[in-house]
Structure formats: C-alpha cells, structure tokens
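First up is the structure itself, then whatever we jot down about it.
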Amino acid sequence: MSYDLEQENKEILARYKDLISNTYRTLDEENNKLIRKAFDIALDAHKDQRRKTGEPYIYHPIAVAKIVATEIGLGATSIACALLHDVVEDSDYTYEDLKKIFGEKIANIVNGLTKISIMNHQNISVQSENYRKLLLTLSEDFRVILIKIADRLHNMRTLESMAPDKQKKIASETVYIYAPLAHRLGLYNIKSELEDLSLKYNNPDVYTEITEKLELAKESRERYIEEFKKEVSEKLHEEGLNFKIKGRAKAISSIYRKMLKQGVSFEEVYDNYAIRIIYKSDAKNEKFLAWKIYSIVTDVYHSNPSRMRDWITQPRSTGYESLHLTVLGPDKKWIEVQIRSERMDEIAEKGVAAHYKYKEGYKQSSEDRNFENWVTEIREVLEQQQNLTTSELLDNIKLNLYSKEVFVFTPKGEIKILPTNATALDFAFSVHSDLGMKCLGAKINGKLVPISYVLQNGDQVDIISSQNQKPKSDWLEFVVTSKAKSKIKSYLNSQKNQLAEEGKEILQRKLRHAKINFNDDEVNKLQKFFNLKTSQELFLKFQSNELDASSLRKYIESKNVFNNLLSRFRKSPSKNTAFVEPKEQNLDMIVFGKDEEKLNYTYAKCCTVIPGDKIFGFITISDGIKVHSDNCPNAINLRAQYDYRVIPAKWVNEESFKNRVKIEIEGLDRMGMINDITTVISGAMGMDMKSMSIESNDGVFTGTINLEVKNKSQLEQTFKKLNDINGVSKVRRLQS
C-alpha cells in the first residue's frame, strides 16, 4: 500500500499543534519544551509503525496525550508520558534511555505503562496477578492509571478496525476493569463513554436501538430544556446570579441498565436526560448560592424529596460535589437537575485529577486524603489476597469502586466514609485492623448494638473490644468492605496453612507419580476442575483425603480432552482440517472456529440460546464446549478473563431446531384475555406451550409462559402479535 508521506507529516504536525493549543495557556516555556522533546522521541520511535487502520502510529500517542491534557486535566509530565507510553514496548528505546533523557520520574511512569500493556497481550487463565499489578500502580504513581485509562479510551474510540472477536475481548475487559476504575477516580464522563463503547461492541443491536431513539427524541428534548431554561433563568437573573444552564442525554449504558433493572422499554425510562445549572461563585458563598438556586428551582417546579441528593454538605470520597434533585418540569415530566459551582463542575468533569497534588498551587483537601486512604486500603487488600482468582479479586475491589457511601462519625466527631450496608465491624476495621480483630460490639448513638449492625448516615460509632476476641468465619457473612474481608480471611487462613502445606506435599507426590509438573497453572486447572475457589482448599482436600488418586485420574482424563480442543483452535487455519462427526442428530446445528468444524457441545445454563441469537463457544476444563448467547450475563467476564478459550460459533440449520424460552407478559385483565393469548401462541403461530402461569390482581395481570421456539424470527413475530392484543402492555423474554 502506498502512502502520501508529505501529507501525513503535515497531518502529524497539525495534530501536535492542536495538542499544544490546549496546553500552552496553562504551561510555562520549560514545560512546553518537555512536551516537544517527548513528541520528538515518540515520532522517532514510531516512525515506521502503523495502526490497523493504516494510519501512522504516532496519531495514537498524540490522541492519548490530548485526552490526558483536556479530558482529565493533567500537566506537562503526564502529557509527556502519554506521548511516550508505547515507546519502550514498540521500539529500541529502553527504560535507561528515557531515564537519561527525561529523568527517573518520567521513566518510571512509562515503565509502569509498559508493564500494563505487556500484561494485556498475555493469554493466560489466571490474570489476577496482572490485575493486581495494574491496581498497585495506583499507589506507586497515580498518573500511571490515569494515562492508561486515556489510552484505553482512545483504543475504544478507534476499535472499528479490529476483528469482531478482538472487539468483544477488548470491550469486555474495558467494562470489567477500566470503567469501574474511571468511576472510582471521579472520571464520570470517561466512565460513561467507556461503558457506552463497550455496549456498542458487546451488544450492538441494543446500542443502535437506544442511539436511534435518543436521536429521534433530540428535538423534543432540546425544546423541553429551552422551556425549563426560560422559566428558571428569569428567576435566577432577578437574584443577580451568574450562571449557565445546559441539558444532556443520559449515557446509553445507563439507560440500558435502567431498562434491564426495571424491566421496562426505552419509552418507559422517565429520566433519560438531565439539566445542569453551573454558577460562578467565590469560595465563601459557594454553598449558600447552591441552596439558593435549589430554593428557586423548587419554587418553580415541584420536587421529589425521595430523590434529593446532597453531595455538597458531604462530598463523595472522589471529591464530587453537587446538589441533585428531581423535579416535575414542563409538560409534567420528571427530570433530574444538578446544581454545582464552576469549581465543583471541574472536579465532576476531571475527577480526582482536578485537585490532586501534581497540579501547581495544590493544597491537600479532605477529599484528597479520602482518596489516598482508599489507595492505601486497595494496596493492603492486594498484598493479602495472593491466592484469589481474577473474579474474586475484582469482586472485592469493586466493593470499593462502584459502591454508594454512608457517612458516620467517630466518638471524637471525625467523619468516616464507608460503603452502603457497611456494619459496625467494618467501621472497626476502617479505624484500625487490630480494633477490628478484637471487636466485641459497638455503641451507636449511645445504644449497645451487635457488630453486625448496619450503619446509617449520621450514626456516631464507639467500638467495644476485648483482648480475648478472635475473628470468626461467620463474620464474613456480614462485612462488606474489602479491608475487613481480607483481614478476616487472612486470620482464618493462617490457621489452615499448616494443614494446607501437608496437602500440598501430598499433591506434589501424586503429580510427580503421574509425571505431571507441579506449577501455578496446573494448580489453577485442578481448582477449576474440582470447582474449588482457592489453591488452599485444593490442598486441604488432598490432606483430608476427600480427593485422592482416583480423583486425580479423572482430572488427567479430562485434561487430555481439553488440551486437544485448545490445540485445535490455536493452530493456523487449514482447508483440510478434519472434523468430528456429530453423535446426535442436532449436533450439526452449530459449527465452530474459522474452519466451521462440527464438534460436540452443550448449552450453558446461565442463558437461553435460540437459533438466530448471536452465540460463541467456550472451552471448559471438564465439560467440553459450552454454547453461550452473546447477551449472556457471564459473557463479559468470560471474554475478559479467558478470551483464549472463547471460539467463534455460528448456526447452520436453524429451522429444524426447537428450544424452550420463557417470556413475561403484563397488561389489564379482562374476560377472554387468556384465550386471546393462547390463540396467538398455539393458533396463529403454531407454537407449543410447555407451561403457563398468570395472576390477576385488582384488574392487572402478570404471567410467565414457557414456549418451544424454532428461531428468533418466530419469537419476534409472536411478540408483535401478543403486543397487538387489546390490554397487553408489555411482553419480554426472560433469561433463564
């Protein structure tokens, strides 16, 4: 392929100038020289490289640097590191080279980014150690993770050029780890975009449907916002306030979550857009003006008190400050209104980075200390959870990534921020690990309560402890913070370590006898095969003789089958690849891999699959190939953690296939309703009903029906006919 190099060089220079135009007002000459030097090195390092699109590779680091500068708001050091983030991995430049040119600080950040990048290319079954390294970078240098999020955002924005299977892998990994991190760092806009783009590739039909409906509603939304602005602005101007009002549609992924959670259609999601009032203020009057605007808005429109959120009096641990209220606006439609100052808006847009100490003139605030406390806690959790799988590790970390918060007080009146549903025992561990280990009970607002008491906003907590108290296994049933969980598990595990060591020696001898190497990968496969959560459980079962030589023989037999399947799909495609003849009549319905091989398979129980659905195969360790729907609730986790075991799958002969699907139907009850429903299903559509359950209450009915469906087209036609029945308000398919 030929390229117009002269035109490309002009474009590279134009993009660099665009980057600089967004930074020169805030950076001095020395900092701008630093950025120019980083650009020159990156340009040299990537001079012969191109992206999948065919574009010069240097476009990517320039774009990442611009996200770092404009959307996250970091300074010259971070911008330079963003330009250099792929240099060590993709060229002859080394860590030592960067250290000589730019100094240790920049070299270390780029080195951290290189480690994460290398980890993302590895296809191994246990990624918990890699994710642990990723999260540990938070406490080594905060900027590493912010630049990595910017890198991932640009990759997601330019994902079209990748193969479909790669798109799904990267999209799944993004929503699995990077979106939650962006959320916790206060980068709400970036978090929403990452989730939206992940939905675009993981569930393109839903993404397209919601996007089109938002576009159709755009004109009426803008008209609605203008009417709101007109009514409220007049009152705000009367008070001499300096402000601006803007409206925005909610994130596509947020609307989809509401549709799933509430079981409603797009049209039934009543708050799919919001209005923001941003005002100018000095520090002294900031809170006063927020409540003044609140008072004016609620004078004009009725508010819903249950949906009022005050993040100004007590900001979130990310530093987020805003007043949220829901009002009955023009046309008597509910709409969310956010009230915040320009300073609050910057923090809401840029997250922790907006007030972090790398910015000049920084003065540490309580929000920064909250964030640093969270980072310290994450590090403690990671260091103590060496044996966790990826899912378990991230489940614990996500407790502190996505959770809502409750604010309580120490006996001295200091505020502690904990996740919603945190208990008195969680509070004890948050004060000090030793206090948690010896916690007997607590006094809440002067009243004695058990350690399982769930904390409420405003509680004053005084912990009662005893030197004789020791952690118990049932404590794990009610603590919710990752720190408490890890400390309790650490103590309980220490008691089992000696027995586990004995079991480990037994297993090593048995594997040696079977001529199998004992290593971490083998131990993980044994865990999965015997459905155990940790290697410690595995060793304990061999120590107690619950698992023995005969158990190991079953594993070895399944291992041979598993390895044969993996090797088949890892090798290069070949036109002459042989295939396994199906043993049952319906096995030719699905074929797998690039060569469309016919293999034995079963359907996963976590989702309902019918012909016409988009599907994929997953090679399990003990049960062969399992077929999942692309919309399976476990699809994202499988692609994020075990993408190398995911294989393409497609339908061959869907018309001869039948499968059972559960649907839900709702509406206004009347005489003959059940007859009309059964006439459509059994008569008009010729479908077999396996079961039907309908309940009526005060004139409203709800029901579930199990159907035998031939294909997706038949199901869609049935839905259309059922929706046409007089009185039926909603029909939807349920996942099993």
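Chain labels A, B, ... are given in the sequence in which chains occur in the structure tokens; within each chain residues are numbered consecutively from 1, and ligands are likewise numbered from 1 in the order shown.
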
Would you mind listing, for every residue of stretch 594-662 of chain A within 10 Å of stretch 165-179 of chain A, the two atoms forming the shortest contact and the distance between them in Å to one decimal, using only C-alpha atoms, sorted by chain and ascending residue number, as JSON lines?
```
{"residue": "A:Phe616", "atom": "CA", "partner": "A:Asp165", "partner_atom": "CA", "distance": 9.7}
{"residue": "A:Asp630", "atom": "CA", "partner": "A:Lys168", "partner_atom": "CA", "distance": 9.5}
{"residue": "A:Ala635", "atom": "CA", "partner": "A:Ser172", "partner_atom": "CA", "distance": 8.0}
{"residue": "A:Ile636", "atom": "CA", "partner": "A:Ser172", "partner_atom": "CA", "distance": 4.7}
{"residue": "A:Asn637", "atom": "CA", "partner": "A:Ser172", "partner_atom": "CA", "distance": 7.0}
{"residue": "A:Leu638", "atom": "CA", "partner": "A:Ser172", "partner_atom": "CA", "distance": 8.4}
{"residue": "A:Arg639", "atom": "CA", "partner": "A:Lys169", "partner_atom": "CA", "distance": 5.2}
{"residue": "A:Ala640", "atom": "CA", "partner": "A:Glu173", "partner_atom": "CA", "distance": 4.4}
{"residue": "A:Gln641", "atom": "CA", "partner": "A:Glu173", "partner_atom": "CA", "distance": 7.7}
{"residue": "A:Tyr642", "atom": "CA", "partner": "A:Lys169", "partner_atom": "CA", "distance": 9.2}
{"residue": "A:Asp643", "atom": "CA", "partner": "A:Lys169", "partner_atom": "CA", "distance": 6.4}
{"residue": "A:Tyr644", "atom": "CA", "partner": "A:Lys169", "partner_atom": "CA", "distance": 9.5}
{"residue": "A:Val646", "atom": "CA", "partner": "A:Asp165", "partner_atom": "CA", "distance": 8.8}
{"residue": "A:Ile647", "atom": "CA", "partner": "A:Asp165", "partner_atom": "CA", "distance": 8.6}
{"residue": "A:Pro648", "atom": "CA", "partner": "A:Asp165", "partner_atom": "CA", "distance": 7.6}
```

* Give me every helix (DSSP H, G or I) residue in stretch 80-275 of chain A, going by DSSP on the backbone, as a ChimeraX atom specification. => /A:80-84,87-90,95-102,104-120,128-140,142-157,159-161,164-184,188-202,204-216,218-238,252-262,266-268

* To do: Give the answer as one residue: which of A:Lys614, A:Lys292, A:Lys650, A:Arg553 has the shortest atom-to-atom distance to A:Ile590, using only C-alpha atoms?
  => A:Lys650

* Atomic distance atom CA of A:Gly413 - atom CA of A:Ile464, expressed in Å with one decimal ->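 So the two atoms, atom CA of A:Gly413 and atom CA of A:Ile464, lie 17.1 Å apart.
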
* To do: Pick out the closest residue to A:Asn697 from this set: A:Lys712, A:Val449, A:Arg670, A:His237. Count only C-alpha atoms.
  =>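 Under the stated criterion, the closest residue is A:Arg670.
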
* To do: Would you kindly return, as a list in words, each protein, DNA or RNA residue with an atom no farther than 10 Å from any atom of stretch 210-223 of chain A, considering only C-alpha atoms and excluding same-chain residues fewer than 5 positions away?
  =>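 Close residues of stretch 210-223 of chain A: Lys200, Asp205, Phe228, Lys229, Lys246, Gly247, Arg248, Ala249, Lys250, Ala251, Ile252, Ser253, Ile255, Tyr256, Phe266, Glu267, Asn272, Tyr273 and Ala274 of chain A.
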
Any chance you can output those residues with N, CA and C atoms as a compact mmCIF listing (two decimals), in the first residue's frame?
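Ended up saving to result27.txt:
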```
# COMPACT_ATOMS: atom_id res chain seq x y z
N LYS A 200 -21.57 -0.92 22.66
CA LYS A 200 -21.62 -0.85 21.19
C LYS A 200 -21.07 -2.12 20.56
N ASP A 205 -26.95 -4.40 18.76
CA ASP A 205 -28.37 -4.17 18.46
C ASP A 205 -29.01 -3.22 19.47
N PHE A 228 -37.55 24.88 30.12
CA PHE A 228 -37.08 24.87 31.51
C PHE A 228 -36.17 26.08 31.76
N LYS A 229 -35.22 26.30 30.85
CA LYS A 229 -34.27 27.40 31.00
C LYS A 229 -35.00 28.75 31.05
N LYS A 246 -27.40 23.94 31.03
CA LYS A 246 -27.25 23.07 29.86
C LYS A 246 -27.91 21.72 30.14
N GLY A 247 -28.38 21.10 29.06
CA GLY A 247 -29.03 19.79 29.18
C GLY A 247 -28.21 18.74 28.48
N ARG A 248 -28.37 17.49 28.89
CA ARG A 248 -27.65 16.40 28.25
C ARG A 248 -28.47 15.12 28.36
N ALA A 249 -28.31 14.25 27.37
CA ALA A 249 -28.94 12.93 27.44
C ALA A 249 -28.12 12.06 28.38
N LYS A 250 -28.79 11.17 29.12
CA LYS A 250 -28.07 10.22 29.97
C LYS A 250 -27.28 9.26 29.09
N ALA A 251 -26.28 8.62 29.67
CA ALA A 251 -25.45 7.67 28.93
C ALA A 251 -26.31 6.50 28.43
N ILE A 252 -25.97 6.00 27.25
CA ILE A 252 -26.71 4.89 26.65
C ILE A 252 -26.68 3.67 27.56
N SER A 253 -25.49 3.39 28.12
CA SER A 253 -25.36 2.24 29.01
C SER A 253 -26.19 2.42 30.28
N ILE A 255 -29.04 4.14 30.51
CA ILE A 255 -30.44 3.91 30.12
C ILE A 255 -30.71 2.41 29.99
N TYR A 256 -29.77 1.68 29.38
CA TYR A 256 -29.94 0.23 29.20
C TYR A 256 -30.02 -0.49 30.55
N PHE A 266 -37.51 1.52 26.45
CA PHE A 266 -36.85 2.84 26.40
C PHE A 266 -37.85 3.95 26.71
N GLU A 267 -39.03 3.83 26.14
CA GLU A 267 -40.05 4.89 26.32
C GLU A 267 -40.50 5.02 27.77
N ASN A 272 -34.35 9.97 31.18
CA ASN A 272 -33.21 9.64 30.31
C ASN A 272 -32.41 10.87 29.87
N TYR A 273 -32.68 12.01 30.48
CA TYR A 273 -31.81 13.17 30.31
C TYR A 273 -31.87 14.05 31.54
N ALA A 274 -30.86 14.94 31.66
CA ALA A 274 -30.74 15.75 32.87
C ALA A 274 -30.37 17.19 32.51
```

* To do: Would you mind listing what lies within 9 Å of A:Leu455 as an NGL selection string, with only C-alpha atoms counted and same-chain residues fewer than 5 positions away left out?
  => :A and (406-408 or 418 or 420-424 or 427 or 444 or 461)

Would you put the residues from that selection into a file with all heavy atoms, as a CSV table (one decimal), in the first residue's frame?
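After the write, out37.csv holds the following:
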```csv
chain,number,residue,atom,x,y,z
A,406,VAL,N,-21.9,5.7,52.9
A,406,VAL,CA,-22.6,6.2,54.1
A,406,VAL,C,-21.6,6.9,54.9
A,406,VAL,O,-20.4,6.6,55.0
A,406,VAL,CB,-23.2,5.0,54.8
A,406,VAL,CG1,-22.1,4.0,55.3
A,406,VAL,CG2,-24.1,5.4,56.0
A,407,PHE,N,-22.1,8.0,55.6
A,407,PHE,CA,-21.2,8.8,56.4
A,407,PHE,C,-21.5,8.7,57.9
A,407,PHE,O,-22.7,8.9,58.3
A,407,PHE,CB,-21.4,10.3,56.0
A,407,PHE,CG,-21.2,10.5,54.5
A,407,PHE,CD1,-22.3,10.5,53.6
A,407,PHE,CD2,-19.9,10.7,54.0
A,407,PHE,CE1,-22.1,10.7,52.2
A,407,PHE,CE2,-19.7,10.9,52.6
A,407,PHE,CZ,-20.8,10.9,51.7
A,408,VAL,N,-20.5,8.3,58.6
A,408,VAL,CA,-20.7,8.1,60.1
A,408,VAL,C,-19.6,8.9,60.8
A,408,VAL,O,-18.6,9.4,60.2
A,408,VAL,CB,-20.7,6.6,60.5
A,408,VAL,CG1,-21.8,5.9,59.9
A,408,VAL,CG2,-19.4,6.0,60.0
A,418,LEU,N,-17.9,5.1,54.4
A,418,LEU,CA,-17.9,3.6,54.2
A,418,LEU,C,-18.9,3.3,53.1
A,418,LEU,O,-19.9,4.1,52.9
A,418,LEU,CB,-18.2,2.9,55.5
A,418,LEU,CG,-17.2,3.0,56.6
A,418,LEU,CD1,-17.8,2.5,58.0
A,418,LEU,CD2,-16.0,2.1,56.3
A,420,THR,N,-22.3,1.8,51.4
A,420,THR,CA,-23.6,1.5,51.9
A,420,THR,C,-23.7,0.0,52.4
A,420,THR,O,-23.1,-0.9,51.7
A,420,THR,CB,-24.6,1.7,50.8
A,420,THR,OG1,-24.6,3.1,50.5
A,420,THR,CG2,-26.1,1.5,51.3
A,421,ASN,N,-24.4,-0.3,53.5
A,421,ASN,CA,-24.6,-1.6,54.1
A,421,ASN,C,-23.4,-2.0,54.9
A,421,ASN,O,-23.3,-3.2,55.4
A,421,ASN,CB,-24.9,-2.7,53.0
A,421,ASN,CG,-26.2,-2.5,52.3
A,421,ASN,OD1,-27.2,-2.0,53.0
A,421,ASN,ND2,-26.3,-2.7,51.0
A,422,ALA,N,-22.4,-1.1,55.1
A,422,ALA,CA,-21.3,-1.4,56.0
A,422,ALA,C,-21.8,-1.6,57.4
A,422,ALA,O,-22.8,-1.0,57.8
A,422,ALA,CB,-20.2,-0.3,55.9
A,423,THR,N,-21.1,-2.4,58.2
A,423,THR,CA,-21.5,-2.7,59.6
A,423,THR,C,-20.6,-2.1,60.6
A,423,THR,O,-19.6,-1.5,60.2
A,423,THR,CB,-21.5,-4.3,59.8
A,423,THR,OG1,-20.2,-4.7,59.6
A,423,THR,CG2,-22.5,-5.0,58.8
A,424,ALA,N,-21.0,-2.2,61.8
A,424,ALA,CA,-20.1,-1.7,62.9
A,424,ALA,C,-18.8,-2.4,62.9
A,424,ALA,O,-17.7,-1.7,63.1
A,424,ALA,CB,-20.8,-2.0,64.3
A,427,PHE,N,-16.7,-0.7,60.3
A,427,PHE,CA,-16.2,0.6,60.9
A,427,PHE,C,-14.9,0.3,61.7
A,427,PHE,O,-13.9,1.0,61.6
A,427,PHE,CB,-17.3,1.2,61.7
A,427,PHE,CG,-16.8,2.5,62.5
A,427,PHE,CD1,-16.9,3.7,61.9
A,427,PHE,CD2,-16.3,2.4,63.7
A,427,PHE,CE1,-16.5,4.9,62.5
A,427,PHE,CE2,-15.9,3.5,64.4
A,427,PHE,CZ,-16.0,4.8,63.8
A,444,ILE,N,-23.9,2.6,69.2
A,444,ILE,CA,-24.3,3.5,68.2
A,444,ILE,C,-25.2,4.6,68.8
A,444,ILE,O,-26.3,4.2,69.3
A,444,ILE,CB,-25.1,2.7,67.0
A,444,ILE,CG1,-24.2,1.6,66.5
A,444,ILE,CG2,-25.5,3.7,65.9
A,444,ILE,CD1,-23.0,2.0,65.8
A,461,VAL,N,-20.3,6.2,66.2
A,461,VAL,CA,-20.0,4.8,66.5
A,461,VAL,C,-18.8,4.8,67.4
A,461,VAL,O,-17.8,5.4,67.2
A,461,VAL,CB,-19.6,4.1,65.1
A,461,VAL,CG1,-19.4,2.6,65.4
A,461,VAL,CG2,-20.6,4.3,64.0
```
